[in-house]
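The structure under discussion appears below in the form of structure tokens.
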Amino acid sequence: MAIDRREFMRLAGLGGVVFASGLRQALAATSAGSDGDFYFVQLSDAHWGFEGPPNPDAKGTLKKAVAAVNALAEPPDFIVFTGDLTHTTDDPKVRRQRLSQFRDIVSELKVKTVHFMPGEHDASLDNGEAFQEFFGRTHYTFDHKGVHFIALDNVSDPRASLGDAQLKWLADDLARQPKNANIVVLTHRPLFDLYPQWDWATKDGAKAIDLLMPYANVTVFYGHIHQEHHKMTGHINHHAAKSLMFPLPVAGSQPQRNPVPWDPAAPYRGLGFRNVEAETKEAKYEITELPVQKA
Amino acid sequence: MIAGTAGVSSSAEPKPKVIKILARRFTYTPNKITLKKGVPVVFELQTADVLMGFSIPDFQTRADIVPGKITKVPLTPDKEGTFTFLCDIFCGSGHETMNGTLVVE
């Protein structure tokens, strides 16, 4: 059964789903030009393979998210997963099993254009080797309706660095873009020092931001911190997505970076999703934060 | 002739206190260290298993702790307070809580 946006909002158990809706329908109803406007879904931090008290539905949450995305009345143009697809394991065989199971689950998505990138849980213990066997390159670009998307890998190096080679690759790619290009960066860790005391940073992220600064229309979507967060560095917006497994506390709000406990009286609290409308003419991304469940 | 010397006697400078820290997945021992502002120390770090990081973001100080070596990290804390040190090289499940507290008085 197709569902509209409001129905989608009422579905529980979704984290970090970013999509733009409403705009396409609104534009379709008018004669205003809608060239280039579209929406995509961002899912993040599924941590497939994790089990524990922070999510009694560890094996079900991702499947629910897939079902909910499939039930959207208007399918997104494409879907992105911004890392930590799987939960870390020391065993390379288990790592591959988890990546395989994750791939099987998300293969049920009706929208077949899906872009993946790794998180440190997927890639930091083997420099991204297993991730690449299943999902290909860890950093890449693609273009869609006038927007240039750049996926950056700040996790294959366990030191949380992009590295000089990738920074050069980024610089070369940016050199081919006009200064007013619509650029969206997708990555796992924050590029800026959100809270390095909790490893919420990228060692050389400032270099990437410096490369992006000359471009007027840059927005970054990322994951890693398992909560919504918005920050500007200069004119660049950075938006963190929620997780599909468990929320994490606000930076520095408690001594340890432990998952927020599951509350049976408020299941999936802290796991929400995001509505992003991509208006490419203005390079604007209107974001509406929505609760998973109404109070 | 004046007794004494115009040069600096190196024996007058006390050596910085050495603080040994052992890192293993996923703890530091000790994980709470108290220092005095302005007093230099040297951390001597070793890892019991894999490559680890030692980072004190508030003092912009970090180092790799390489297996089989002793890594020396000098620090003269220039501010008081309670600060975090942590492993900043992803080392597995448990990495997220591999940290300690530095108290500077």
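If you're wondering about the labels, chains in the structure tokens are A, B, ... by order shown, residues count from 1 in each chain, ligands from 1 in order shown.
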Pull out every residue of chain B sitting within 12 Å of chain A, counting only C-alpha atoms, and send them as JSON, numbers by chain. {"B": [25, 50, 51, 52, 53, 54, 55, 56, 57, 58, 59, 60, 61, 62, 63, 64, 82, 83, 84, 85, 86, 87, 88, 89, 90, 91, 92, 93, 94, 95, 96, 97, 98, 99, 100, 101, 102]}
If you count only C-alpha atoms, which residues fall within 7 Å of B:Val73, apart from same-chain ones fewer than 5 positions away, as a list in words?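 Surrounding residues, per the criterion: Val42, Phe43 and Glu44 of chain B.
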Name the residues of chain B that fall into helix (DSSP H, G or I) according to DSSP on the backbone, using the chain letters and numbers of this document, as a list in words.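 Across chain B, those assigned helix (DSSP H, G or I) are Ser10, Ser11, Ala12, Pro57, Asp58, Phe59, His95, Glu96 and Thr97 of chain B.
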Those residues you just picked out, can you put them in a file as a short mmCIF file (atom, residue, chain, number, x, y, z; two decimals), in the first residue's frame with C-alpha atoms?
data_model
loop_
_atom_site.label_atom_id
_atom_site.label_comp_id
_atom_site.auth_asym_id
_atom_site.auth_seq_id
_atom_site.Cartn_x
_atom_site.Cartn_y
_atom_site.Cartn_z
CA SER B 10 71.91 20.97 33.65
CA SER B 11 71.89 19.10 36.90
CA ALA B 12 69.84 21.93 38.42
CA PRO B 57 42.58 16.89 22.23
CA ASP B 58 42.47 19.75 24.70
CA PHE B 59 46.27 19.93 24.59
CA HIS B 95 37.16 1.53 21.04
CA GLU B 96 34.43 4.06 21.72
CA THR B 97 34.96 3.87 25.47
#
Residue list (strand (DSSP E), DSSP) for stretch 38-187 of chain A, as number ranges by chain: A: 40-43, 78-82, 114-117, 140-144, 147-151, 182-186
Which residues come within 10 Å of B:Lys69, counting only C-alpha atoms, excluding same-chain residues fewer than 5 positions away, as an MDAnalysis selection string? chainID B and resid 44:47
Determine, counting only C-alpha atoms, which protein, DNA and RNA residues have an atom within 9 Å of an atom of stretch 211-225 of chain A; residues of the same chain fewer than 5 positions away are not included. Present the result as a PyMOL selection string. chain A and resi 16+42-45+82-84+119-120+167+170-171+174+177-191+200+206+233-243+247-251+282-285
